[in-house]
Amino acid sequence: MTAIATTPLPPMARRARRRSAALGLLAWVAGILFCLPVFWMLLTSLHSEPDAATNPPSLTASLTLDGYKKFFGAGGGADPAPALLNSATASLMSTLFVLVLALPAAYALSIRPVRKWTDAMFFFLSTKMLPVVAGLLPIYLFAKNAGLLDNVWLLVILYTSMNLPIAVWMLQSFLADIPVSIIEAAHMDGAGLPTVLVRIVAPLAGPGIAATSLICFIFSWNEMLFARVLTGVVAETAPVFLTSFVTSQGLFLAQLCAASVVVSLPVLVAGFAAQDKLVQGLSLGAVK
């Protein structure tokens, strides 16, 4: 049998292969380090309170679902359903309103640019430069005088206004990649602006809209400062509900980790379901 001779790789190819292997190993290490706190939180949520409170925590402790049972109200605890429902309402409705308002604005700033559109974009960005806590007192006084304290619709309005600037910025970059000739052809066929936005712009910018929606949803779902100050019992959100596990009697670590896992699930599920659209949307315009 004749041996087949193999041509050795040139030095540059060998260096490139070693560099690629090193970068791949580094990516795996970074991914494991990034996911390690999540796995640790999940493991702690499956321990009893005495085992979860040990320092250092025991990896071989027996597993139990007591933390999840107590989170869902077993043993006379508070019911988390209203808080989860309030978070879902505030996040979903504010994201919907953001898209309805941001899509026409991004259309005007990209496909049909207005005069001095760069100044308008800077104005949108400048609204994010004010610290959130600086506007807390005026918003609280306004909500108090308007009778909107402890009202979930106040959170919808606030989250919409908070996420609108970043949504306009993101959608403007996505819509700028749409060929103008398609829009002009639709106008020549008699399509109005609403028809163009719904039937042409939205499908073409679908990945960008999905990425923007997911980011706005995550920001709204995780917001706690305004929800903590402006809500009480009726409009309490899930992040505020989590703070109830830190009491003067101590920190219920297992229950807190169980609650954190449950509250994180909607964001994780949404991100996993839209991961293809998210990656595609965030990479639009990266390579010309």
# chains A, B, ... in the order shown; residues from 1 in each chain; ligands from 1
call {"tool": "residues_around", "arguments": {"residues": "region 178-183 of chain A", "least_positions_apart": "2", "cutoff": "9 Å", "atoms": "only C-alpha atoms", "output": "PyMOL selection string"}}
result
chain A and resi 111-112+174-176+185-188+196+200-201+204-205
call {"tool": "residues_around", "arguments": {"residues": "Tyr140 (chain A)", "least_positions_apart": "6", "cutoff": "8 Å", "atoms": "only C-alpha atoms", "output": "VMD selection string"}}
result
chain A and resid 149 229 to 230
call {"tool": "select_by_dssp", "arguments": {"residues": "region 51-191 of chain A", "states": "alpha helix (DSSP H)", "output": "mmCIF file with N, CA, C and O atoms, in the first residue's frame"}}
result
data_model
loop_
_atom_site.group_PDB
_atom_site.id
_atom_site.type_symbol
_atom_site.label_atom_id
_atom_site.label_comp_id
_atom_site.auth_asym_id
_atom_site.auth_seq_id
_atom_site.Cartn_x
_atom_site.Cartn_y
_atom_site.Cartn_z
ATOM 1 N N ASP A 51 -28.919 25.055 53.813
ATOM 2 C CA ASP A 51 -27.837 24.693 52.897
ATOM 3 C C ASP A 51 -27.423 25.872 52.019
ATOM 4 O O ASP A 51 -26.243 26.036 51.703
ATOM 5 N N ALA A 52 -28.383 26.686 51.625
ATOM 6 C CA ALA A 52 -28.060 27.839 50.783
ATOM 7 C C ALA A 52 -27.295 28.907 51.552
ATOM 8 O O ALA A 52 -26.543 29.692 50.958
ATOM 9 N N ALA A 53 -27.474 28.959 52.872
ATOM 10 C CA ALA A 53 -26.829 29.987 53.684
ATOM 11 C C ALA A 53 -25.442 29.605 54.139
ATOM 12 O O ALA A 53 -24.744 30.429 54.745
ATOM 13 N N ASP A 66 -38.540 23.431 47.597
ATOM 14 C CA ASP A 66 -39.215 24.248 48.609
ATOM 15 C C ASP A 66 -39.151 25.733 48.272
ATOM 16 O O ASP A 66 -40.105 26.477 48.514
ATOM 17 N N GLY A 67 -38.029 26.171 47.716
ATOM 18 C CA GLY A 67 -37.905 27.584 47.363
ATOM 19 C C GLY A 67 -38.927 28.009 46.332
ATOM 20 O O GLY A 67 -39.536 29.083 46.441
ATOM 21 N N TYR A 68 -39.167 27.167 45.338
ATOM 22 C CA TYR A 68 -40.159 27.481 44.302
ATOM 23 C C TYR A 68 -41.576 27.386 44.868
ATOM 24 O O TYR A 68 -42.443 28.187 44.497
ATOM 25 N N LYS A 69 -41.819 26.418 45.743
ATOM 26 C CA LYS A 69 -43.152 26.292 46.339
ATOM 27 C C LYS A 69 -43.480 27.520 47.181
ATOM 28 O O LYS A 69 -44.600 28.058 47.110
ATOM 29 N N LYS A 70 -42.517 27.983 47.959
ATOM 30 C CA LYS A 70 -42.761 29.163 48.781
ATOM 31 C C LYS A 70 -42.892 30.420 47.923
ATOM 32 O O LYS A 70 -43.655 31.335 48.260
ATOM 33 N N PHE A 71 -42.163 30.461 46.799
ATOM 34 C CA PHE A 71 -42.282 31.618 45.912
ATOM 35 C C PHE A 71 -43.686 31.715 45.332
ATOM 36 O O PHE A 71 -44.247 32.806 45.184
ATOM 37 N N ALA A 81 -48.313 36.146 41.164
ATOM 38 C CA ALA A 81 -49.008 36.295 39.889
ATOM 39 C C ALA A 81 -49.332 37.751 39.555
ATOM 40 O O ALA A 81 -49.113 38.185 38.414
ATOM 41 N N PRO A 82 -49.867 38.565 40.484
ATOM 42 C CA PRO A 82 -50.145 39.963 40.137
ATOM 43 C C PRO A 82 -48.897 40.735 39.729
ATOM 44 O O PRO A 82 -48.944 41.535 38.785
ATOM 45 N N ALA A 83 -47.776 40.509 40.423
ATOM 46 C CA ALA A 83 -46.545 41.216 40.071
ATOM 47 C C ALA A 83 -46.046 40.803 38.692
ATOM 48 O O ALA A 83 -45.613 41.645 37.895
ATOM 49 N N LEU A 84 -46.091 39.503 38.393
ATOM 50 C CA LEU A 84 -45.674 39.037 37.073
ATOM 51 C C LEU A 84 -46.589 39.584 35.983
ATOM 52 O O LEU A 84 -46.132 39.965 34.894
ATOM 53 N N LEU A 85 -47.886 39.642 36.271
ATOM 54 C CA LEU A 85 -48.839 40.176 35.297
ATOM 55 C C LEU A 85 -48.602 41.670 35.067
ATOM 56 O O LEU A 85 -48.673 42.155 33.926
ATOM 57 N N ASN A 86 -48.313 42.404 36.123
ATOM 58 C CA ASN A 86 -48.018 43.833 35.972
ATOM 59 C C ASN A 86 -46.761 44.053 35.141
ATOM 60 O O ASN A 86 -46.723 44.946 34.287
ATOM 61 N N SER A 87 -45.724 43.261 35.380
ATOM 62 C CA SER A 87 -44.505 43.385 34.590
ATOM 63 C C SER A 87 -44.763 43.062 33.125
ATOM 64 O O SER A 87 -44.259 43.749 32.221
ATOM 65 N N ALA A 88 -45.536 42.012 32.885
ATOM 66 C CA ALA A 88 -45.851 41.642 31.506
ATOM 67 C C ALA A 88 -46.662 42.735 30.815
ATOM 68 O O ALA A 88 -46.397 43.091 29.654
ATOM 69 N N THR A 89 -47.633 43.304 31.521
ATOM 70 C CA THR A 89 -48.452 44.367 30.939
ATOM 71 C C THR A 89 -47.619 45.598 30.624
ATOM 72 O O THR A 89 -47.693 46.153 29.514
ATOM 73 N N ALA A 90 -46.814 46.039 31.598
ATOM 74 C CA ALA A 90 -46.004 47.239 31.389
ATOM 75 C C ALA A 90 -44.972 47.025 30.283
ATOM 76 O O ALA A 90 -44.741 47.921 29.456
ATOM 77 N N SER A 91 -44.344 45.856 30.246
ATOM 78 C CA SER A 91 -43.290 45.607 29.258
ATOM 79 C C SER A 91 -43.855 45.448 27.854
ATOM 80 O O SER A 91 -43.356 46.051 26.895
ATOM 81 N N LEU A 92 -44.898 44.648 27.715
ATOM 82 C CA LEU A 92 -45.459 44.390 26.387
ATOM 83 C C LEU A 92 -46.144 45.622 25.806
ATOM 84 O O LEU A 92 -45.943 45.964 24.630
ATOM 85 N N MET A 93 -46.950 46.312 26.616
ATOM 86 C CA MET A 93 -47.652 47.486 26.115
ATOM 87 C C MET A 93 -46.683 48.617 25.785
ATOM 88 O O MET A 93 -46.841 49.292 24.762
ATOM 89 N N SER A 94 -45.692 48.850 26.631
ATOM 90 C CA SER A 94 -44.722 49.907 26.334
ATOM 91 C C SER A 94 -43.911 49.572 25.094
ATOM 92 O O SER A 94 -43.611 50.468 24.278
ATOM 93 N N THR A 95 -43.547 48.301 24.905
ATOM 94 C CA THR A 95 -42.815 47.917 23.691
ATOM 95 C C THR A 95 -43.664 48.135 22.449
ATOM 96 O O THR A 95 -43.174 48.607 21.408
ATOM 97 N N LEU A 96 -44.948 47.811 22.532
ATOM 98 C CA LEU A 96 -45.851 48.036 21.403
ATOM 99 C C LEU A 96 -45.962 49.521 21.077
ATOM 100 O O LEU A 96 -45.880 49.925 19.906
ATOM 101 N N PHE A 97 -46.137 50.360 22.096
ATOM 102 C CA PHE A 97 -46.236 51.800 21.863
ATOM 103 C C PHE A 97 -44.927 52.360 21.309
ATOM 104 O O PHE A 97 -44.936 53.267 20.464
ATOM 105 N N VAL A 98 -43.795 51.845 21.784
ATOM 106 C CA VAL A 98 -42.503 52.300 21.282
ATOM 107 C C VAL A 98 -42.371 52.015 19.783
ATOM 108 O O VAL A 98 -41.933 52.866 19.009
ATOM 109 N N LEU A 99 -42.767 50.832 19.360
ATOM 110 C CA LEU A 99 -42.673 50.493 17.944
ATOM 111 C C LEU A 99 -43.607 51.361 17.105
ATOM 112 O O LEU A 99 -43.231 51.814 16.008
ATOM 113 N N VAL A 100 -44.818 51.602 17.601
ATOM 114 C CA VAL A 100 -45.777 52.428 16.855
ATOM 115 C C VAL A 100 -45.250 53.849 16.680
ATOM 116 O O VAL A 100 -45.438 54.471 15.619
ATOM 117 N N LEU A 101 -44.557 54.378 17.680
ATOM 118 C CA LEU A 101 -44.043 55.745 17.602
ATOM 119 C C LEU A 101 -42.672 55.816 16.933
ATOM 120 O O LEU A 101 -42.371 56.778 16.206
ATOM 121 N N ALA A 102 -41.827 54.804 17.157
ATOM 122 C CA ALA A 102 -40.449 54.873 16.663
ATOM 123 C C ALA A 102 -40.346 54.565 15.181
ATOM 124 O O ALA A 102 -39.478 55.111 14.495
ATOM 125 N N LEU A 103 -41.211 53.693 14.656
ATOM 126 C CA LEU A 103 -41.100 53.315 13.249
ATOM 127 C C LEU A 103 -41.344 54.503 12.313
ATOM 128 O O LEU A 103 -40.533 54.731 11.400
ATOM 129 N N PRO A 104 -42.405 55.300 12.483
ATOM 130 C CA PRO A 104 -42.534 56.482 11.611
ATOM 131 C C PRO A 104 -41.407 57.494 11.802
ATOM 132 O O PRO A 104 -40.965 58.123 10.831
ATOM 133 N N ALA A 105 -40.956 57.661 13.046
ATOM 134 C CA ALA A 105 -39.858 58.599 13.281
ATOM 135 C C ALA A 105 -38.577 58.138 12.591
ATOM 136 O O ALA A 105 -37.874 58.936 11.965
ATOM 137 N N ALA A 106 -38.275 56.845 12.690
ATOM 138 C CA ALA A 106 -37.085 56.318 12.017
ATOM 139 C C ALA A 106 -37.223 56.398 10.505
ATOM 140 O O ALA A 106 -36.244 56.635 9.779
ATOM 141 N N TYR A 107 -38.437 56.221 10.006
ATOM 142 C CA TYR A 107 -38.697 56.349 8.565
ATOM 143 C C TYR A 107 -38.395 57.768 8.097
ATOM 144 O O TYR A 107 -37.771 57.977 7.049
ATOM 145 N N ALA A 108 -38.828 58.763 8.880
ATOM 146 C CA ALA A 108 -38.579 60.157 8.513
ATOM 147 C C ALA A 108 -37.109 60.522 8.612
ATOM 148 O O ALA A 108 -36.629 61.398 7.882
ATOM 149 N N LEU A 109 -36.374 59.859 9.486
ATOM 150 C CA LEU A 109 -34.963 60.190 9.690
ATOM 151 C C LEU A 109 -34.022 59.382 8.805
ATOM 152 O O LEU A 109 -32.815 59.629 8.818
ATOM 153 N N SER A 110 -34.544 58.428 8.055
ATOM 154 C CA SER A 110 -33.659 57.587 7.234
ATOM 155 C C SER A 110 -34.108 57.559 5.781
ATOM 156 O O SER A 110 -33.393 58.030 4.889
ATOM 157 N N TRP A 117 -31.568 66.286 10.163
ATOM 158 C CA TRP A 117 -31.960 65.064 10.857
ATOM 159 C C TRP A 117 -30.894 64.612 11.860
ATOM 160 O O TRP A 117 -31.220 63.957 12.854
ATOM 161 N N THR A 118 -29.635 64.999 11.610
ATOM 162 C CA THR A 118 -28.594 64.630 12.581
ATOM 163 C C THR A 118 -28.807 65.350 13.912
ATOM 164 O O THR A 118 -28.529 64.788 14.981
ATOM 165 N N ASP A 119 -29.296 66.594 13.856
ATOM 166 C CA ASP A 119 -29.605 67.306 15.106
ATOM 167 C C ASP A 119 -30.751 66.623 15.847
ATOM 168 O O ASP A 119 -30.747 66.552 17.085
ATOM 169 N N ALA A 120 -31.724 66.137 15.094
ATOM 170 C CA ALA A 120 -32.831 65.409 15.725
ATOM 171 C C ALA A 120 -32.338 64.126 16.383
ATOM 172 O O ALA A 120 -32.764 63.782 17.496
ATOM 173 N N MET A 121 -31.424 63.421 15.706
ATOM 174 C CA MET A 121 -30.880 62.197 16.299
ATOM 175 C C MET A 121 -30.096 62.502 17.567
ATOM 176 O O MET A 121 -30.172 61.762 18.550
ATOM 177 N N PHE A 122 -29.341 63.607 17.553
ATOM 178 C CA PHE A 122 -28.597 63.977 18.762
ATOM 179 C C PHE A 122 -29.547 64.353 19.890
ATOM 180 O O PHE A 122 -29.282 64.057 21.060
ATOM 181 N N PHE A 123 -30.678 64.992 19.550
ATOM 182 C CA PHE A 123 -31.652 65.334 20.588
ATOM 183 C C PHE A 123 -32.202 64.063 21.235
ATOM 184 O O PHE A 123 -32.352 63.996 22.458
ATOM 185 N N PHE A 124 -32.522 63.053 20.413
ATOM 186 C CA PHE A 124 -33.009 61.795 20.971
ATOM 187 C C PHE A 124 -31.965 61.186 21.906
ATOM 188 O O PHE A 124 -32.297 60.685 22.980
ATOM 189 N N LEU A 125 -30.707 61.236 21.483
ATOM 190 C CA LEU A 125 -29.649 60.657 22.303
ATOM 191 C C LEU A 125 -29.435 61.462 23.582
ATOM 192 O O LEU A 125 -29.143 60.891 24.639
ATOM 193 N N SER A 126 -29.581 62.786 23.501
ATOM 194 C CA SER A 126 -29.333 63.624 24.678
ATOM 195 C C SER A 126 -30.321 63.353 25.797
ATOM 196 O O SER A 126 -30.022 63.605 26.964
ATOM 197 N N LEU A 136 -36.747 61.661 39.092
ATOM 198 C CA LEU A 136 -37.650 60.855 39.916
ATOM 199 C C LEU A 136 -38.632 61.716 40.706
ATOM 200 O O LEU A 136 -39.838 61.441 40.742
ATOM 201 N N LEU A 137 -38.139 62.791 41.336
ATOM 202 C CA LEU A 137 -39.011 63.641 42.156
ATOM 203 C C LEU A 137 -40.065 64.360 41.310
ATOM 204 O O LEU A 137 -41.254 64.346 41.681
ATOM 205 N N PRO A 138 -39.708 65.012 40.191
ATOM 206 C CA PRO A 138 -40.775 65.640 39.385
ATOM 207 C C PRO A 138 -41.819 64.644 38.885
ATOM 208 O O PRO A 138 -43.015 64.945 38.880
ATOM 209 N N ILE A 139 -41.376 63.474 38.493
ATOM 210 C CA ILE A 139 -42.328 62.463 38.015
ATOM 211 C C ILE A 139 -43.217 61.990 39.151
ATOM 212 O O ILE A 139 -44.429 61.778 38.963
ATOM 213 N N TYR A 140 -42.655 61.852 40.326
ATOM 214 C CA TYR A 140 -43.461 61.430 41.477
ATOM 215 C C TYR A 140 -44.518 62.479 41.814
ATOM 216 O O TYR A 140 -45.682 62.145 42.064
ATOM 217 N N LEU A 141 -44.125 63.759 41.803
ATOM 218 C CA LEU A 141 -45.088 64.817 42.103
ATOM 219 C C LEU A 141 -46.172 64.883 41.034
ATOM 220 O O LEU A 141 -47.357 65.094 41.355
ATOM 221 N N PHE A 142 -45.783 64.722 39.782
ATOM 222 C CA PHE A 142 -46.779 64.725 38.708
ATOM 223 C C PHE A 142 -47.754 63.552 38.872
ATOM 224 O O PHE A 142 -48.972 63.725 38.738
ATOM 225 N N ALA A 143 -47.215 62.373 39.150
ATOM 226 C CA ALA A 143 -48.082 61.197 39.317
ATOM 227 C C ALA A 143 -48.999 61.357 40.524
ATOM 228 O O ALA A 143 -50.172 60.949 40.486
ATOM 229 N N LYS A 144 -48.493 61.975 41.593
ATOM 230 C CA LYS A 144 -49.314 62.168 42.777
ATOM 231 C C LYS A 144 -50.461 63.133 42.502
ATOM 232 O O LYS A 144 -51.614 62.877 42.868
ATOM 233 N N ASN A 145 -50.153 64.239 41.828
ATOM 234 C CA ASN A 145 -51.195 65.224 41.543
ATOM 235 C C ASN A 145 -52.192 64.720 40.512
ATOM 236 O O ASN A 145 -53.362 65.130 40.519
ATOM 237 N N ALA A 146 -51.736 63.833 39.612
ATOM 238 C CA ALA A 146 -52.626 63.297 38.587
ATOM 239 C C ALA A 146 -53.363 62.048 39.054
ATOM 240 O O ALA A 146 -54.192 61.515 38.304
ATOM 241 N N VAL A 152 -50.424 50.795 36.872
ATOM 242 C CA VAL A 152 -49.526 50.156 35.921
ATOM 243 C C VAL A 152 -49.421 50.944 34.618
ATOM 244 O O VAL A 152 -48.393 50.892 33.925
ATOM 245 N N TRP A 153 -50.454 51.723 34.293
ATOM 246 C CA TRP A 153 -50.403 52.503 33.060
ATOM 247 C C TRP A 153 -49.431 53.663 33.168
ATOM 248 O O TRP A 153 -48.937 54.156 32.145
ATOM 249 N N LEU A 154 -49.155 54.129 34.361
ATOM 250 C CA LEU A 154 -48.094 55.112 34.532
ATOM 251 C C LEU A 154 -46.746 54.512 34.139
ATOM 252 O O LEU A 154 -45.920 55.173 33.493
ATOM 253 N N LEU A 155 -46.507 53.260 34.525
ATOM 254 C CA LEU A 155 -45.277 52.579 34.132
ATOM 255 C C LEU A 155 -45.221 52.385 32.618
ATOM 256 O O LEU A 155 -44.141 52.484 32.021
ATOM 257 N N VAL A 156 -46.352 52.112 31.997
ATOM 258 C CA VAL A 156 -46.377 51.972 30.539
ATOM 259 C C VAL A 156 -45.919 53.268 29.870
ATOM 260 O O VAL A 156 -45.095 53.263 28.940
ATOM 261 N N ILE A 157 -46.426 54.396 30.365
ATOM 262 C CA ILE A 157 -46.038 55.691 29.796
ATOM 263 C C ILE A 157 -44.558 55.969 30.035
ATOM 264 O O ILE A 157 -43.833 56.415 29.131
ATOM 265 N N LEU A 158 -44.081 55.705 31.237
ATOM 266 C CA LEU A 158 -42.680 55.958 31.555
ATOM 267 C C LEU A 158 -41.753 55.070 30.738
ATOM 268 O O LEU A 158 -40.751 55.546 30.181
ATOM 269 N N TYR A 159 -42.056 53.782 30.658
ATOM 270 C CA TYR A 159 -41.195 52.878 29.908
ATOM 271 C C TYR A 159 -41.199 53.217 28.416
ATOM 272 O O TYR A 159 -40.179 53.062 27.734
ATOM 273 N N THR A 160 -42.342 53.669 27.913
ATOM 274 C CA THR A 160 -42.396 54.079 26.513
ATOM 275 C C THR A 160 -41.487 55.267 26.263
ATOM 276 O O THR A 160 -40.710 55.287 25.300
ATOM 277 N N SER A 161 -41.557 56.263 27.123
ATOM 278 C CA SER A 161 -40.711 57.447 26.951
ATOM 279 C C SER A 161 -39.240 57.138 27.179
ATOM 280 O O SER A 161 -38.367 57.737 26.541
ATOM 281 N N MET A 162 -38.940 56.196 28.060
ATOM 282 C CA MET A 162 -37.545 55.856 28.328
ATOM 283 C C MET A 162 -36.920 55.070 27.183
ATOM 284 O O MET A 162 -35.738 55.253 26.868
ATOM 285 N N ASN A 163 -37.689 54.194 26.546
ATOM 286 C CA ASN A 163 -37.136 53.339 25.502
ATOM 287 C C ASN A 163 -37.270 53.924 24.097
ATOM 288 O O ASN A 163 -36.645 53.420 23.167
ATOM 289 N N LEU A 164 -38.082 54.968 23.941
ATOM 290 C CA LEU A 164 -38.305 55.529 22.612
ATOM 291 C C LEU A 164 -37.030 56.064 21.962
ATOM 292 O O LEU A 164 -36.800 55.807 20.766
ATOM 293 N N PRO A 165 -36.157 56.810 22.667
ATOM 294 C CA PRO A 165 -34.946 57.312 21.998
ATOM 295 C C PRO A 165 -34.041 56.206 21.462
ATOM 296 O O PRO A 165 -33.569 56.273 20.320
ATOM 297 N N ILE A 166 -33.787 55.177 22.273
ATOM 298 C CA ILE A 166 -32.906 54.106 21.810
ATOM 299 C C ILE A 166 -33.544 53.328 20.676
ATOM 300 O O ILE A 166 -32.863 52.840 19.758
ATOM 301 N N ALA A 167 -34.882 53.215 20.680
ATOM 302 C CA ALA A 167 -35.575 52.517 19.594
ATOM 303 C C ALA A 167 -35.468 53.298 18.289
ATOM 304 O O ALA A 167 -35.267 52.713 17.222
ATOM 305 N N VAL A 168 -35.601 54.609 18.360
ATOM 306 C CA VAL A 168 -35.465 55.432 17.155
ATOM 307 C C VAL A 168 -34.056 55.315 16.590
ATOM 308 O O VAL A 168 -33.861 55.190 15.372
ATOM 309 N N TRP A 169 -33.057 55.337 17.443
ATOM 310 C CA TRP A 169 -31.677 55.197 16.989
ATOM 311 C C TRP A 169 -31.458 53.851 16.310
ATOM 312 O O TRP A 169 -30.841 53.775 15.243
ATOM 313 N N MET A 170 -31.926 52.786 16.914
ATOM 314 C CA MET A 170 -31.723 51.467 16.330
ATOM 315 C C MET A 170 -32.480 51.310 15.020
ATOM 316 O O MET A 170 -31.923 50.866 14.004
ATOM 317 N N LEU A 171 -33.754 51.697 14.998
ATOM 318 C CA LEU A 171 -34.559 51.519 13.791
ATOM 319 C C LEU A 171 -34.073 52.408 12.662
ATOM 320 O O LEU A 171 -34.181 52.041 11.487
ATOM 321 N N GLN A 172 -33.533 53.573 12.995
ATOM 322 C CA GLN A 172 -33.018 54.446 11.932
ATOM 323 C C GLN A 172 -31.866 53.783 11.185
ATOM 324 O O GLN A 172 -31.789 53.853 9.953
ATOM 325 N N SER A 173 -30.992 53.111 11.915
ATOM 326 C CA SER A 173 -29.878 52.425 11.252
ATOM 327 C C SER A 173 -30.361 51.227 10.446
ATOM 328 O O SER A 173 -29.802 50.918 9.383
ATOM 329 N N PHE A 174 -31.415 50.559 10.899
ATOM 330 C CA PHE A 174 -31.941 49.419 10.164
ATOM 331 C C PHE A 174 -32.672 49.864 8.896
ATOM 332 O O PHE A 174 -32.497 49.287 7.823
ATOM 333 N N LEU A 175 -33.486 50.907 9.010
ATOM 334 C CA LEU A 175 -34.260 51.372 7.868
ATOM 335 C C LEU A 175 -33.388 52.040 6.811
ATOM 336 O O LEU A 175 -33.778 52.105 5.637
ATOM 337 N N VAL A 180 -34.231 52.648 -1.364
ATOM 338 C CA VAL A 180 -35.252 53.686 -1.532
ATOM 339 C C VAL A 180 -36.100 53.419 -2.761
ATOM 340 O O VAL A 180 -37.274 53.826 -2.822
ATOM 341 N N SER A 181 -35.541 52.727 -3.760
ATOM 342 C CA SER A 181 -36.290 52.465 -4.995
ATOM 343 C C SER A 181 -37.554 51.650 -4.725
ATOM 344 O O SER A 181 -38.576 51.829 -5.396
ATOM 345 N N ILE A 182 -37.508 50.743 -3.725
ATOM 346 C CA ILE A 182 -38.700 49.953 -3.384
ATOM 347 C C ILE A 182 -39.786 50.863 -2.830
ATOM 348 O O ILE A 182 -40.978 50.726 -3.170
ATOM 349 N N ILE A 183 -39.412 51.816 -1.984
ATOM 350 C CA ILE A 183 -40.385 52.743 -1.411
ATOM 351 C C ILE A 183 -40.975 53.627 -2.505
ATOM 352 O O ILE A 183 -42.191 53.864 -2.542
ATOM 353 N N GLU A 184 -40.123 54.103 -3.408
ATOM 354 C CA GLU A 184 -40.608 54.959 -4.495
ATOM 355 C C GLU A 184 -41.548 54.204 -5.418
ATOM 356 O O GLU A 184 -42.553 54.751 -5.886
ATOM 357 N N ALA A 185 -41.255 52.929 -5.682
ATOM 358 C CA ALA A 185 -42.151 52.129 -6.528
ATOM 359 C C ALA A 185 -43.502 51.947 -5.864
ATOM 360 O O ALA A 185 -44.556 51.980 -6.528
ATOM 361 N N ALA A 186 -43.515 51.762 -4.544
ATOM 362 C CA ALA A 186 -44.786 51.620 -3.839
ATOM 363 C C ALA A 186 -45.597 52.906 -3.895
ATOM 364 O O ALA A 186 -46.828 52.877 -4.076
ATOM 365 N N HIS A 187 -44.916 54.054 -3.746
ATOM 366 C CA HIS A 187 -45.630 55.327 -3.842
ATOM 367 C C HIS A 187 -46.193 55.539 -5.244
ATOM 368 O O HIS A 187 -47.301 56.080 -5.400
ATOM 369 N N MET A 188 -45.449 55.127 -6.255
ATOM 370 C CA MET A 188 -45.934 55.271 -7.628
ATOM 371 C C MET A 188 -47.157 54.393 -7.876
ATOM 372 O O MET A 188 -48.024 54.732 -8.700
#
call {"tool": "closest_residue", "arguments": {"among": "A:Ala191, A:Thr247, A:Pro50, A:Ala210", "to": "Thr64 (chain A)", "atoms": "only C-alpha atoms"}}
result
A:Pro50
call {"tool": "residues_around", "arguments": {"residues": "Gly232 (chain A)", "least_positions_apart": "6", "cutoff": "10 Å", "atoms": "only C-alpha atoms", "output": "VMD selection string"}}
result
chain A and resid 149 to 151 240
call {"tool": "closest_residue", "arguments": {"among": "A:Gly73, A:Pro207, A:Pro10, A:Gly24", "to": "Gln255 (chain A)", "atoms": "only C-alpha atoms"}}
result
A:Gly73
call {"tool": "closest_residue", "arguments": {"among": "A:Gly192, A:Lys128, A:Val261, A:Ala211", "to": "Ala273 (chain A)", "atoms": "only C-alpha atoms"}}
result
A:Ala211
call {"tool": "residues_around", "arguments": {"residues": "region 38-43 of chain A", "least_positions_apart": "5", "cutoff": "12 Å", "atoms": "only C-alpha atoms", "output": "ChimeraX atom specification"}}
result
/A:31-33,48,51-52,57-65,67-68,253-262,264-265,268
call {"tool": "select_by_dssp", "arguments": {"residues": "region 196-274 of chain A", "states": "strand (DSSP E)", "output": "list in words"}}
result
Val246, Thr247, Gly250 and Leu251 of chain A
call {"tool": "closest_residue", "arguments": {"among": "A:Pro80, A:Ala74, A:Arg199, A:Gly190", "to": "Val234 (chain A)", "atoms": "only C-alpha atoms"}}
result
A:Pro80
call {"tool": "atom_distance", "arguments": {"atom1": "CA of Glu49 (chain A)", "atom2": "CA of Glu223 (chain A)"}}
result
27.6 Å
call {"tool": "residues_around", "arguments": {"residues": "Val267 (chain A)", "least_positions_apart": "6", "cutoff": "9 Å", "atoms": "only C-alpha atoms", "output": "list of chain:residue names"}}
result
A:Leu214, A:Phe217, A:Ile218, A:Trp221
call {"tool": "decode", "arguments": {"residues": "region 89-99 of chain A", "atoms": "N, CA and C atoms", "output": "JSON list (two decimals), in the first residue's frame"}}
result
[["chain", "number", "residue", "atom", "x", "y", "z"],
["A", 89, "THR", "N", -47.63, 43.30, 31.52],
["A", 89, "THR", "CA", -48.45, 44.37, 30.94],
["A", 89, "THR", "C", -47.62, 45.60, 30.62],
["A", 90, "ALA", "N", -46.81, 46.04, 31.60],
["A", 90, "ALA", "CA", -46.00, 47.24, 31.39],
["A", 90, "ALA", "C", -44.97, 47.03, 30.28],
["A", 91, "SER", "N", -44.34, 45.86, 30.25],
["A", 91, "SER", "CA", -43.29, 45.61, 29.26],
["A", 91, "SER", "C", -43.86, 45.45, 27.85],
["A", 92, "LEU", "N", -44.90, 44.65, 27.72],
["A", 92, "LEU", "CA", -45.46, 44.39, 26.39],
["A", 92, "LEU", "C", -46.14, 45.62, 25.81],
["A", 93, "MET", "N", -46.95, 46.31, 26.62],
["A", 93, "MET", "CA", -47.65, 47.49, 26.11],
["A", 93, "MET", "C", -46.68, 48.62, 25.78],
["A", 94, "SER", "N", -45.69, 48.85, 26.63],
["A", 94, "SER", "CA", -44.72, 49.91, 26.33],
["A", 94, "SER", "C", -43.91, 49.57, 25.09],
["A", 95, "THR", "N", -43.55, 48.30, 24.90],
["A", 95, "THR", "CA", -42.81, 47.92, 23.69],
["A", 95, "THR", "C", -43.66, 48.13, 22.45],
["A", 96, "LEU", "N", -44.95, 47.81, 22.53],
["A", 96, "LEU", "CA", -45.85, 48.04, 21.40],
["A", 96, "LEU", "C", -45.96, 49.52, 21.08],
["A", 97, "PHE", "N", -46.14, 50.36, 22.10],
["A", 97, "PHE", "CA", -46.24, 51.80, 21.86],
["A", 97, "PHE", "C", -44.93, 52.36, 21.31],
["A", 98, "VAL", "N", -43.80, 51.85, 21.78],
["A", 98, "VAL", "CA", -42.50, 52.30, 21.28],
["A", 98, "VAL", "C", -42.37, 52.02, 19.78],
["A", 99, "LEU", "N", -42.77, 50.83, 19.36],
["A", 99, "LEU", "CA", -42.67, 50.49, 17.94],
["A", 99, "LEU", "C", -43.61, 51.36, 17.10]]
